[in-house]
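Worksheet for the structure shown next.
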Amino acid sequence: MSMPANRLERRQALQDDRRARYERMVEIRALENKVQDLFDEGLVHGTTHLCLGQEAVAVGVAAAARVSDTVTCTYRGHGVALALGLTPVDLLGEILGREAGSIGGIGGSMHLSEPDVGLLPTFAIVGAGIPVAAGAALTAQVRGTDDAALAVFGDGATNIGAFHEALNLASVWNLPVVFVCENNQYGEYSRIDLTTPVDDIAVRAQAYDLPSEVVDGQDPDNAAAAVAAALERARAGGGPTLVEMKTYRYAGHSRADTAPYRPEGEFERWYEKDPIVNYGRRLVDEGLLSGDELDAVKTLVDESIAAAVETVLSSPPPPLAAMFDNVLAP
Amino acid sequence: MSMPANRLERRQALQDDRRARYERMVEIRALENKVQDLFDEGLVHGTTHLCLGQEAVAVGVAAAARVSDTVTCTYRGHGVALALGLTPVDLLGEILGREAGSIGGIGGSMHLSEPDVGLLPTFAIVGAGIPVAAGAALTAQVRGTDDAALAVFGDGATNIGAFHEALNLASVWNLPVVFVCENNQYGEYSRIDLTTPVDDIAVRAQAYDLPSEVVDGQDPDNAAAAVAAALERARAGGGPTLVEMKTYRYAGHSRADTAPYRPEGEFERWYEKDPIVNYGRRLVDEGLLSGDELDAVKTLVDESIAAAVETVLSSPPPPLAAMFDNVLAP
Amino acid sequence: MPRMRMNQAISAAIADEMRADPDVIVLGEDVAVAEGPFKTSAGLLDEFGPLRVRDTPISEMGFLGAAVGAAATGLRPVVEIMFVEFLGVALDQLSTEGAKFHYLSGGRVTVPLTVRASVGAGLGFGTQHSQTLEGWVMGTPGLKLAVASGPATAYGLMRAAIRDDSPTVVLEPRRLYAQRENVTTGPEGVIPLGTARQVVGGDDATIVALGSTVGTAAQAEAAASWSAEVIDLQSLQPWDRDMVYESVARTGRLVTVEENPLFGGWGADIVAAVAADLFGELEGPPLRITAPDVPVPFGKELEERYMPSSDYIDEQVAGLLQTGRVPPPWWEAEKGSP
Amino acid sequence: MPRMRMNQAISAAIADEMRADPDVIVLGEDVAVAEGPFKTSAGLLDEFGPLRVRDTPISEMGFLGAAVGAAATGLRPVVEIMFVEFLGVALDQLSTEGAKFHYLSGGRVTVPLTVRASVGAGLGFGTQHSQTLEGWVMGTPGLKLAVASGPATAYGLMRAAIRDDSPTVVLEPRRLYAQRENVTTGPEGVIPLGTARQVVGGDDATIVALGSTVGTAAQAEAAASWSAEVIDLQSLQPWDRDMVYESVARTGRLVTVEENPLFGGWGADIVAAVAADLFGELEGPPLRITAPDVPVPFGKELEERYMPSSDYIDEQVAGLLQTGRVPPPWWEAEKGSP
Ligand SMILES: Cc1ncc(C[n+]2csc(CCOP(=O)(O)OP(=O)(O)O)c2C)c(N)n1
Ligand SMILES: Cc1ncc(C[n+]2csc(CCOP(=O)(O)OP(=O)(O)O)c2C)c(N)n1
Ligand SMILES: [Mg+2]
Ligand SMILES: [Mg+2]
């Protein structure tokens, strides 16, 4: 087993290789834990929004989408970015504000970008990426390609106007776009039921006459299959779909938040559905990996993350002049 | 028969007096026709958005609401304003930019206002009045009164973010507000089906777990009953309702638009449901008015509108100094 | 050189760019079948079809955001915001998303988006449909901003904006849509973003005007006893420092003419730059001729008075030249009176 | 005189107004149970209960609009916009609706709304969460705008804003939330909107600062070889012409210190007014010390350099005093270099 270093290979690996999916989930978790450690050590200037617990959604989306599809994603985007193919160095470099980062340390944790694997600059404004994905789908439609676009956003984002306007527009224009809602049960420090009067976000698709689906987002194959089906419909001219992934955010909202507002037992209930533990078990049951190999993945990933941290810590901060680059197009 | 001149009396008259409802619809139609004439004569600086054909919705809303309820309404608000109690002079004065107008000629056709009968300044931005009505309902809730608020808006407005956010917020906070959608089948020059993928706007209430109703908006009693039921629920702590009034805009969108984009026969089909013709007939059938009395209403209204035009045309334009008043609160 | 109305010039500019580049598309409320509420997309649907010319729902955030996404993935969308105030429901996509994509992608994503919006008073549309609001867009690194002052500049700036790889806003003074003039079409008609234009030569002062005030300022100058170089700034971001500085260095006096209220208006930036960089060369105080600090009133006489008239410009400039001081604005006298 | 952090001072100001007036309510994302992402509403839910202190969905247009409606019907809402950029999804309700209700009701509807928003760079929140964006709000007749520069001004301006019958925006520089100082609470601590404050006396120049730059400017002055009157403008709309003019008339020199990019920054308005009205009394060119015209970069060193530092202020003012000219900004040298 070895980890592909090249972004495109990293991405391709997820397509049918279930071991790669497992590996990538383990990598996302390890990276996020490392980010929290670095934050706690005071090495992260600014903020972080971890996707611990949501790894299967990220991997599922990336496994289903093509490299030529366009993805918009949020500040809670480390997992999606890694799954799409960005490397740990791309991410850690950006999060730590070093030249090695995805955009050279100009963006930080909330602003990752990698056009080669379809990732537009990630969005720090809630909901903003949703119409933008519809626009990427418009490009495919106008050009007559069979590419599609995906918007990944949270449950809280479905209360903002951009969500509503984007789904309506995409429906009216029959755009090839898949709206993936990561329903992790919380928006910041508020449980979804305090801000959102429906149990399933998927219900909201009816307001736009769109198909929708509620999906167990804790299984990467399941997540991938749902997104793949929606993408297939989109590519075939069948228009947009809203896919609601039920998932859970293990960490707090950001930075040092320890999520004291969670009801007792909730975390534990969700941890029983842990995507990595369960998927690993399944792969072992199915004979795809041995128990030892599971351990080996963890070791390999930890080494790779440790190496990435080292690379990044020895990468310089961006030169002052970098702040003047790329303001306007040449 | 005589027309009450006082705004509060005008308003009260609608409550149970069905002849007053008829009279008010006739007045709205006459006023709107007069506005079009004045526009065509070049006497209206700016724009107009007539509600010809939608008179029953306006009268129904005003008949159901209390004076202490708050109403937000759009640029297509002449009918709602007259129904709420504003006088023809209030309106024509404003539309012609004279001191006699509702706000002294500072606002124009799109900006009418009369707090005494609950009308906040009308909104020229599509959808903007919807969250504002939710806020007026919040005042009632915080103060513990049993007042309510009503937002009147178009079908096209249900595609804008403010609609979505306001309905969600009102649902979460269980606010005493009634959302009245005047579905007149068009947003500007576009038929609803080109911009809105659902047949009934009422469906959209499901996205917020709200009750909704599709109502024949061409009958004022029907419209009033639906709004009254929703208001009653709101006052009793039952939260918001979305009431969709099916109606039709006889005139074009604004100014000189003759609505050439309408499919053949559509106008005629809707004219069979004309609120004034049918309601008049019904009142005659029920013995509440004689045929002669119907004619007398028309004559009386025409005289009153003619008198209002005269009053307004002899009212001076606002003094220059008026533009400096009321920028900031004293 | 065809003679056209400003709305025809805009339609022509878009059509010319659509012919040259299949990636150019047009989006907005009623821009397709109805050819635009102000007929600024006449003929486009007919010639380019419904895939490229699209009516949208009333969803400015949605379709401006979609345009950002389309631009980021290869198209060159031209979006109509019917009245500039409607940016108030969509500004995020322009200023916080589109304007920052190039920066936030390390220069690898470009956003060749054009946002057109009608602006200004004079047609009786009332307080919420009559402002110019340059201030909402100014001060956003990553955006360009141009303002048309008539058919020829509308044509030239629009083509430049559509070709530009950065997101660009073009403001169109609504009351000029019906104005006619001869327009140089074709490549020679394109006006590079960031360049100003001398409208009239003159010596006593430099008058910098923008959009609707260009014509008014030129008219004032033509009738006045004083003489001034009238400059149509054309672009606000970036603006043509060279032309303005050169002129002020020669005339020694700077006047800006703005349709917006004094506070927060674009003229302050021009004045502040000139006051700093040409301090020693100014022979008198810089003068800003603006609208008063009030919402735009509706009544015809009030609305007309709200906008700086050519008579008022004449008075103000004459006052400046005679006294060497900034004359009080007309409303100082009016505000107190009954 | 209690010593408090700026976020505590804000909580205290709101609490004092809530005690005085049952119509004051508080709305925003996570302002109730969590007491605000920046702890600017600490203790409010406990003391005033869930009817008056409310967590909202992520719907800035919705809850700002609701606040406008609540204000128009008698309440005095205090709304938190967590980061000022989020006004980009809600500006319509503030600028086009709330700010114009009083005008559009003939003065019969008032909108006693307070909108609080955190602003500025320095904490590593990245490009979309680090701007100050006064320009989005300036130039809106009908609105007032104040900016806190520390705990005491935050307390005083917040109370004044909540009491004011016009819609008022209070901007809070985010990196000052943790700053501590002694705060005069109670009625004596209220700071009338529209008044500035002399921070330091001095003779060589008048430095007008706002928000986060007040402390930096004062620090620069304290260490410098020159002496200046440092003014905390406190309110931007309306701003205190009297204090600024009086000072500039005495010192003969105006310097503004701004965290925003040069183009479109508030300093231009101050400079333009002074250049016009005190032309003859200026002994040197007005100097604007600002951030460069770029989006806010993330990398720590870059972000720190983005904001004017006290050293840089010292250099610039010293340069001005020595040469009589506006010194080039630091980035002129940097931009060319590799
Ligand atoms: C327009 C806007 N409002 C508020 C915020 C602050 N904010 C950042 S994340 C967040 C919660 C979002 O919740 P959700 O959409 O469920 O995504 P999650 O963080 O759970 O992935 C909020 C309110 C923002 N970034 N943008
Ligand atoms: C935010 C915004 N976008 C666009 C417009 C321009 N506009 C005015 S009326 C209108 C159509 C509205 O349709 P609908 O909501 O159905 O109301 P109707 O006019 O039919 O009563 C449009 C697009 C506007 N005023 N505000
Ligand atoms: Mg969430
Ligand atoms: Mg309609």
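Note on naming: chains are A, B, ... as they come in the structure tokens, residues start from 1 per chain, ligands start from 1 in the order shown.
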Specify as a VMD selection string all residues of chain B found within 7 Å of chain D, counting only C-alpha atoms.
chain B and resid 103 107 111 113 121 131 to 136 138 to 139 142 162 165 to 166 169 326 to 329
Alpha helix (DSSP H) residues, from DSSP on the backbone, in segment 199-272 of chain D, as number ranges by chain:
D: 212-223, 241-251, 267-272
Could you save the residues just selected, with C-alpha atoms, as a tab-separated table (two decimals), in the first residue's frame?
chain	number	residue	atom	x	y	z
D	212	SER	CA	-8.62	50.16	15.31
D	213	THR	CA	-6.30	52.92	14.12
D	214	VAL	CA	-6.96	55.20	17.09
D	215	GLY	CA	-4.74	53.22	19.41
D	216	THR	CA	-2.10	52.72	16.77
D	217	ALA	CA	-1.99	56.42	15.96
D	218	ALA	CA	-1.78	57.41	19.62
D	219	GLN	CA	1.02	54.92	20.12
D	220	ALA	CA	2.88	56.30	17.12
D	221	GLU	CA	2.49	59.83	18.42
D	222	ALA	CA	3.72	58.92	21.88
D	223	ALA	CA	6.94	57.48	20.54
D	241	ARG	CA	-16.44	68.83	11.60
D	242	ASP	CA	-16.07	71.31	14.41
D	243	MET	CA	-13.42	69.39	16.26
D	244	VAL	CA	-11.51	68.39	13.16
D	245	TYR	CA	-11.61	71.84	11.58
D	246	GLU	CA	-10.58	73.55	14.76
D	247	SER	CA	-7.62	71.27	15.15
D	248	VAL	CA	-6.49	71.49	11.54
D	249	ALA	CA	-6.86	75.27	11.63
D	250	ARG	CA	-4.40	75.20	14.49
D	251	THR	CA	-1.92	72.57	13.29
D	267	GLY	CA	-10.52	59.32	4.93
D	268	ALA	CA	-11.16	60.70	1.48
D	269	ASP	CA	-14.30	62.40	2.72
D	270	ILE	CA	-12.51	64.03	5.63
D	271	VAL	CA	-9.65	65.15	3.42
D	272	ALA	CA	-11.97	66.45	0.72
Nearby polymer residues, ligand 2, at most 6 Å, only C-alpha atoms and all ligand atoms, as JSON, numbers by chain:
{"B": [76, 124, 125, 126, 153, 154, 155, 156, 157, 184, 186, 187, 188], "C": [58, 86]}
Please produce an output containing all heavy atoms for each residue in the selection, written as a JSON list (two decimals), in the first residue's frame.
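Printed below is selection.json as written:
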[["chain", "number", "residue", "atom", "x", "y", "z"],
["B", 76, "ARG", "N", -47.13, 47.60, -6.21],
["B", 76, "ARG", "CA", -48.45, 47.41, -6.82],
["B", 76, "ARG", "C", -49.50, 47.53, -5.71],
["B", 76, "ARG", "O", -50.33, 46.66, -5.52],
["B", 76, "ARG", "CB", -48.53, 46.03, -7.50],
["B", 76, "ARG", "CG", -49.66, 45.91, -8.53],
["B", 76, "ARG", "CD", -49.67, 44.57, -9.25],
["B", 76, "ARG", "NE", -48.44, 44.28, -9.96],
["B", 76, "ARG", "CZ", -48.03, 44.91, -11.06],
["B", 76, "ARG", "NH1", -48.77, 45.86, -11.58],
["B", 76, "ARG", "NH2", -46.88, 44.59, -11.62],
["B", 124, "ALA", "N", -40.58, 49.10, -2.87],
["B", 124, "ALA", "CA", -40.28, 49.02, -4.30],
["B", 124, "ALA", "C", -39.27, 47.93, -4.61],
["B", 124, "ALA", "O", -38.96, 47.67, -5.76],
["B", 124, "ALA", "CB", -39.78, 50.36, -4.80],
["B", 125, "ILE", "N", -38.74, 47.31, -3.57],
["B", 125, "ILE", "CA", -37.79, 46.22, -3.76],
["B", 125, "ILE", "C", -38.56, 44.91, -3.57],
["B", 125, "ILE", "O", -39.17, 44.69, -2.51],
["B", 125, "ILE", "CB", -36.63, 46.31, -2.74],
["B", 125, "ILE", "CG1", -35.93, 47.68, -2.82],
["B", 125, "ILE", "CG2", -35.64, 45.16, -2.93],
["B", 125, "ILE", "CD1", -35.21, 47.98, -4.11],
["B", 126, "VAL", "N", -38.51, 44.08, -4.57],
["B", 126, "VAL", "CA", -39.29, 42.84, -4.54],
["B", 126, "VAL", "C", -38.91, 41.99, -3.31],
["B", 126, "VAL", "O", -37.73, 41.71, -3.09],
["B", 126, "VAL", "CB", -39.10, 42.02, -5.83],
["B", 126, "VAL", "CG1", -39.64, 40.61, -5.66],
["B", 126, "VAL", "CG2", -39.80, 42.71, -7.00],
["B", 153, "PHE", "N", -47.49, 40.30, -1.16],
["B", 153, "PHE", "CA", -46.41, 40.29, -2.15],
["B", 153, "PHE", "C", -46.82, 39.42, -3.33],
["B", 153, "PHE", "O", -47.84, 38.72, -3.27],
["B", 153, "PHE", "CB", -45.12, 39.74, -1.52],
["B", 153, "PHE", "CG", -45.31, 38.43, -0.82],
["B", 153, "PHE", "CD1", -45.16, 37.23, -1.51],
["B", 153, "PHE", "CD2", -45.68, 38.37, 0.51],
["B", 153, "PHE", "CE1", -45.38, 36.00, -0.88],
["B", 153, "PHE", "CE2", -45.90, 37.14, 1.16],
["B", 153, "PHE", "CZ", -45.75, 35.97, 0.45],
["B", 154, "GLY", "N", -46.03, 39.46, -4.39],
["B", 154, "GLY", "CA", -46.40, 38.77, -5.61],
["B", 154, "GLY", "C", -45.85, 37.36, -5.72],
["B", 154, "GLY", "O", -45.05, 36.91, -4.89],
["B", 155, "ASP", "N", -46.28, 36.67, -6.75],
["B", 155, "ASP", "CA", -45.78, 35.33, -7.02],
["B", 155, "ASP", "C", -44.28, 35.36, -7.33],
["B", 155, "ASP", "O", -43.51, 34.52, -6.88],
["B", 155, "ASP", "CB", -46.54, 34.71, -8.20],
["B", 155, "ASP", "CG", -46.70, 35.68, -9.35],
["B", 155, "ASP", "OD1", -47.40, 36.70, -9.19],
["B", 155, "ASP", "OD2", -46.10, 35.44, -10.42],
["B", 156, "GLY", "N", -43.88, 36.37, -8.11],
["B", 156, "GLY", "CA", -42.47, 36.46, -8.47],
["B", 156, "GLY", "C", -41.58, 36.64, -7.26],
["B", 156, "GLY", "O", -40.43, 36.19, -7.23],
["B", 157, "ALA", "N", -42.12, 37.30, -6.25],
["B", 157, "ALA", "CA", -41.35, 37.56, -5.03],
["B", 157, "ALA", "C", -41.02, 36.29, -4.28],
["B", 157, "ALA", "O", -40.13, 36.27, -3.43],
["B", 157, "ALA", "CB", -42.12, 38.52, -4.12],
["B", 184, "ASN", "N", -50.63, 36.66, -9.33],
["B", 184, "ASN", "CA", -51.31, 37.23, -10.50],
["B", 184, "ASN", "C", -50.72, 36.69, -11.80],
["B", 184, "ASN", "O", -50.90, 37.26, -12.86],
["B", 184, "ASN", "CB", -51.28, 38.76, -10.47],
["B", 184, "ASN", "CG", -49.87, 39.31, -10.58],
["B", 184, "ASN", "OD1", -48.92, 38.55, -10.79],
["B", 184, "ASN", "ND2", -49.72, 40.61, -10.47],
["B", 186, "TYR", "N", -47.91, 36.63, -13.21],
["B", 186, "TYR", "CA", -46.79, 37.25, -13.93],
["B", 186, "TYR", "C", -45.86, 37.97, -12.97],
["B", 186, "TYR", "O", -46.29, 38.53, -11.96],
["B", 186, "TYR", "CB", -47.30, 38.29, -14.95],
["B", 186, "TYR", "CG", -47.89, 37.65, -16.18],
["B", 186, "TYR", "CD1", -49.23, 37.25, -16.20],
["B", 186, "TYR", "CD2", -47.10, 37.39, -17.29],
["B", 186, "TYR", "CE1", -49.76, 36.60, -17.30],
["B", 186, "TYR", "CE2", -47.64, 36.75, -18.40],
["B", 186, "TYR", "CZ", -48.96, 36.36, -18.40],
["B", 186, "TYR", "OH", -49.47, 35.73, -19.50],
["B", 187, "GLY", "N", -44.59, 37.97, -13.31],
["B", 187, "GLY", "CA", -43.61, 38.88, -12.73],
["B", 187, "GLY", "C", -43.10, 39.69, -13.91],
["B", 187, "GLY", "O", -42.53, 39.12, -14.85],
["B", 188, "GLU", "N", -43.35, 40.95, -13.90],
["B", 188, "GLU", "CA", -43.06, 41.79, -15.06],
["B", 188, "GLU", "C", -43.64, 41.17, -16.33],
["B", 188, "GLU", "O", -44.85, 40.96, -16.44],
["B", 188, "GLU", "CB", -41.56, 42.04, -15.21],
["B", 188, "GLU", "CG", -41.04, 43.01, -14.15],
["B", 188, "GLU", "CD", -39.67, 43.56, -14.52],
["B", 188, "GLU", "OE1", -39.08, 43.14, -15.55],
["B", 188, "GLU", "OE2", -39.19, 44.42, -13.79],
["C", 58, "ILE", "N", -36.77, 36.30, -10.29],
["C", 58, "ILE", "CA", -36.39, 37.48, -9.50],
["C", 58, "ILE", "C", -35.52, 36.99, -8.34],
["C", 58, "ILE", "O", -36.01, 36.68, -7.26],
["C", 58, "ILE", "CB", -37.63, 38.23, -8.98],
["C", 58, "ILE", "CG1", -38.60, 38.49, -10.15],
["C", 58, "ILE", "CG2", -37.22, 39.56, -8.34],
["C", 58, "ILE", "CD1", -39.92, 39.08, -9.71],
["C", 86, "PHE", "N", -30.79, 47.05, -6.55],
["C", 86, "PHE", "CA", -31.02, 45.61, -6.38],
["C", 86, "PHE", "C", -29.72, 44.88, -6.03],
["C", 86, "PHE", "O", -29.77, 43.73, -5.57],
["C", 86, "PHE", "CB", -31.67, 44.98, -7.62],
["C", 86, "PHE", "CG", -32.93, 45.67, -8.09],
["C", 86, "PHE", "CD1", -33.45, 45.40, -9.34],
["C", 86, "PHE", "CD2", -33.61, 46.58, -7.29],
["C", 86, "PHE", "CE1", -34.62, 46.02, -9.79],
["C", 86, "PHE", "CE2", -34.77, 47.22, -7.72],
["C", 86, "PHE", "CZ", -35.27, 46.93, -8.98]]
Expected answer as number ranges by chain: chain C residues within 8 Å of chain D, only C-alpha atoms
C: 85-93, 95-96, 100, 103, 127-128, 135-142, 261-266, 268-269, 271-272, 275-277, 279-280, 284-287, 293-295, 325-326
DSSP strand (DSSP E) residues within segment 87-288 of chain D, as a PyMOL selection string
chain D and resi 114-119+144-147+168-173+180-182+197-200+205-209+228-232+235-237+254-261+287-288
Could you list, as a PyMOL selection string, all protein and nucleic acid residues with an atom at most 12 Å from ligand 3, counting only C-alpha atoms and all ligand atoms?
(chain A and resi 49-51+54+74-76+126-127+152-159+181-193+195-196+201+244-254) or (chain D and resi 57-58)
In Å, rounded to a single decimal, give me how far atom CA of Ile95 of chain B is from atom CA of Ser109 of chain B.
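Atom-to-atom, atom CA of Ser109 of chain B to atom CA of Ile95 of chain B, that is 4.4 Å.
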Counting only C-alpha atoms, a student should be able to say which residues of chain A come within 9 Å of chain B; what is the right answer, written as an MDAnalysis selection string?
chainID A and resid 159:165 168:169 171:173 193:198 201 203:210
Mind writing the picked residues with N, CA, C and O atoms as an mmCIF file, in the first residue's frame?
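This is the output file out_39.cif:
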data_model
loop_
_atom_site.group_PDB
_atom_site.id
_atom_site.type_symbol
_atom_site.label_atom_id
_atom_site.label_comp_id
_atom_site.auth_asym_id
_atom_site.auth_seq_id
_atom_site.Cartn_x
_atom_site.Cartn_y
_atom_site.Cartn_z
ATOM 1 N N ASN A 159 -31.053 27.821 5.356
ATOM 2 C CA ASN A 159 -31.943 28.898 5.802
ATOM 3 C C ASN A 159 -31.591 30.234 5.179
ATOM 4 O O ASN A 159 -32.206 31.250 5.493
ATOM 5 N N ILE A 160 -30.586 30.247 4.322
ATOM 6 C CA ILE A 160 -30.188 31.531 3.741
ATOM 7 C C ILE A 160 -30.733 31.649 2.321
ATOM 8 O O ILE A 160 -30.947 30.653 1.629
ATOM 9 N N GLY A 161 -30.961 32.896 1.928
ATOM 10 C CA GLY A 161 -31.611 33.157 0.650
ATOM 11 C C GLY A 161 -30.902 32.551 -0.543
ATOM 12 O O GLY A 161 -31.551 32.089 -1.497
ATOM 13 N N ALA A 162 -29.578 32.526 -0.515
ATOM 14 C CA ALA A 162 -28.825 32.019 -1.668
ATOM 15 C C ALA A 162 -29.190 30.572 -1.981
ATOM 16 O O ALA A 162 -29.234 30.158 -3.143
ATOM 17 N N PHE A 163 -29.445 29.792 -0.954
ATOM 18 C CA PHE A 163 -29.861 28.393 -1.145
ATOM 19 C C PHE A 163 -31.149 28.349 -1.958
ATOM 20 O O PHE A 163 -31.268 27.653 -2.967
ATOM 21 N N HIS A 164 -32.102 29.103 -1.515
ATOM 22 C CA HIS A 164 -33.426 29.138 -2.133
ATOM 23 C C HIS A 164 -33.336 29.605 -3.586
ATOM 24 O O HIS A 164 -33.862 28.956 -4.500
ATOM 25 N N GLU A 165 -32.641 30.681 -3.791
ATOM 26 C CA GLU A 165 -32.564 31.236 -5.144
ATOM 27 C C GLU A 165 -31.810 30.303 -6.086
ATOM 28 O O GLU A 165 -32.171 30.155 -7.253
ATOM 29 N N ASN A 168 -33.998 27.205 -6.963
ATOM 30 C CA ASN A 168 -35.065 27.590 -7.884
ATOM 31 C C ASN A 168 -34.517 27.810 -9.300
ATOM 32 O O ASN A 168 -35.057 27.311 -10.287
ATOM 33 N N LEU A 169 -33.434 28.566 -9.368
ATOM 34 C CA LEU A 169 -32.830 28.856 -10.671
ATOM 35 C C LEU A 169 -32.392 27.575 -11.362
ATOM 36 O O LEU A 169 -32.627 27.369 -12.561
ATOM 37 N N SER A 171 -33.519 24.645 -10.993
ATOM 38 C CA SER A 171 -34.677 23.874 -11.413
ATOM 39 C C SER A 171 -35.265 24.462 -12.690
ATOM 40 O O SER A 171 -35.526 23.741 -13.658
ATOM 41 N N VAL A 172 -35.461 25.766 -12.713
ATOM 42 C CA VAL A 172 -36.055 26.410 -13.882
ATOM 43 C C VAL A 172 -35.187 26.183 -15.125
ATOM 44 O O VAL A 172 -35.706 25.984 -16.221
ATOM 45 N N TRP A 173 -33.895 26.223 -14.947
ATOM 46 C CA TRP A 173 -32.980 26.042 -16.085
ATOM 47 C C TRP A 173 -32.527 24.596 -16.264
ATOM 48 O O TRP A 173 -31.719 24.310 -17.134
ATOM 49 N N ASP A 193 -32.711 22.001 15.116
ATOM 50 C CA ASP A 193 -34.141 22.185 15.387
ATOM 51 C C ASP A 193 -34.453 23.574 15.936
ATOM 52 O O ASP A 193 -35.601 24.003 15.926
ATOM 53 N N LEU A 194 -33.438 24.308 16.393
ATOM 54 C CA LEU A 194 -33.686 25.661 16.885
ATOM 55 C C LEU A 194 -33.798 26.675 15.752
ATOM 56 O O LEU A 194 -34.252 27.801 15.954
ATOM 57 N N THR A 195 -33.351 26.294 14.570
ATOM 58 C CA THR A 195 -33.296 27.270 13.479
ATOM 59 C C THR A 195 -34.012 26.800 12.228
ATOM 60 O O THR A 195 -34.215 27.587 11.310
ATOM 61 N N THR A 196 -34.382 25.526 12.202
ATOM 62 C CA THR A 196 -34.864 24.928 10.962
ATOM 63 C C THR A 196 -36.078 24.077 11.294
ATOM 64 O O THR A 196 -35.944 23.073 11.999
ATOM 65 N N PRO A 197 -37.246 24.477 10.809
ATOM 66 C CA PRO A 197 -38.464 23.812 11.285
ATOM 67 C C PRO A 197 -38.813 22.501 10.587
ATOM 68 O O PRO A 197 -39.910 21.997 10.796
ATOM 69 N N VAL A 198 -37.916 21.969 9.770
ATOM 70 C CA VAL A 198 -38.207 20.662 9.158
ATOM 71 C C VAL A 198 -37.174 19.643 9.622
ATOM 72 O O VAL A 198 -36.026 19.994 9.883
ATOM 73 N N ILE A 201 -33.922 18.138 5.631
ATOM 74 C CA ILE A 201 -33.651 19.220 4.684
ATOM 75 C C ILE A 201 -34.172 18.820 3.301
ATOM 76 O O ILE A 201 -34.606 19.673 2.516
ATOM 77 N N VAL A 203 -36.781 17.704 2.294
ATOM 78 C CA VAL A 203 -38.154 18.160 2.048
ATOM 79 C C VAL A 203 -38.179 19.461 1.245
ATOM 80 O O VAL A 203 -39.093 19.721 0.460
ATOM 81 N N ARG A 204 -37.168 20.269 1.457
ATOM 82 C CA ARG A 204 -37.160 21.596 0.836
ATOM 83 C C ARG A 204 -37.082 21.538 -0.694
ATOM 84 O O ARG A 204 -37.391 22.519 -1.359
ATOM 85 N N ALA A 205 -36.675 20.416 -1.224
ATOM 86 C CA ALA A 205 -36.592 20.293 -2.682
ATOM 87 C C ALA A 205 -37.960 20.447 -3.340
ATOM 88 O O ALA A 205 -38.067 20.879 -4.491
ATOM 89 N N GLN A 206 -39.003 20.081 -2.603
ATOM 90 C CA GLN A 206 -40.354 20.171 -3.172
ATOM 91 C C GLN A 206 -40.733 21.582 -3.570
ATOM 92 O O GLN A 206 -41.533 21.784 -4.485
ATOM 93 N N ALA A 207 -40.169 22.539 -2.883
ATOM 94 C CA ALA A 207 -40.495 23.933 -3.201
ATOM 95 C C ALA A 207 -39.984 24.322 -4.582
ATOM 96 O O ALA A 207 -40.358 25.371 -5.111
ATOM 97 N N TYR A 208 -39.129 23.474 -5.141
ATOM 98 C CA TYR A 208 -38.551 23.753 -6.460
ATOM 99 C C TYR A 208 -38.842 22.622 -7.429
ATOM 100 O O TYR A 208 -38.229 22.537 -8.492
ATOM 101 N N ASP A 209 -39.751 21.750 -7.044
ATOM 102 C CA ASP A 209 -40.090 20.595 -7.863
ATOM 103 C C ASP A 209 -38.845 19.785 -8.232
ATOM 104 O O ASP A 209 -38.674 19.360 -9.378
ATOM 105 N N LEU A 210 -37.977 19.601 -7.268
ATOM 106 C CA LEU A 210 -36.741 18.855 -7.515
ATOM 107 C C LEU A 210 -36.775 17.517 -6.787
ATOM 108 O O LEU A 210 -37.339 17.417 -5.694
#
Find the spatial neighbours of Cys73 of chain A, counting only C-alpha atoms, within a cut-off of 9 Å - ignore same-chain residues fewer than 6 positions away - and output them as JSON, numbers by chain.
{"A": [80, 81, 119, 120, 121, 122, 123, 129, 130, 150, 151, 152, 153]}
Would you pick out the contacts of Arg3 of chain D at 7 Å or less, using only C-alpha atoms, so that residues sharing its chain but fewer than 4 positions from it are not included, and give the list as JSON, numbers by chain?
{"D": [180, 181, 182, 183]}
For segment 312-320 of chain B, find every residue with an atom within 12 Å (counting only C-alpha atoms), except residues of its own chain fewer than 3 positions away, and show them as an MDAnalysis selection string.
(chainID B and resid 38 43:45 87:108 305:309 323:325) or (chainID C and resid 292 297:306 330:338) or (chainID D and resid 106)
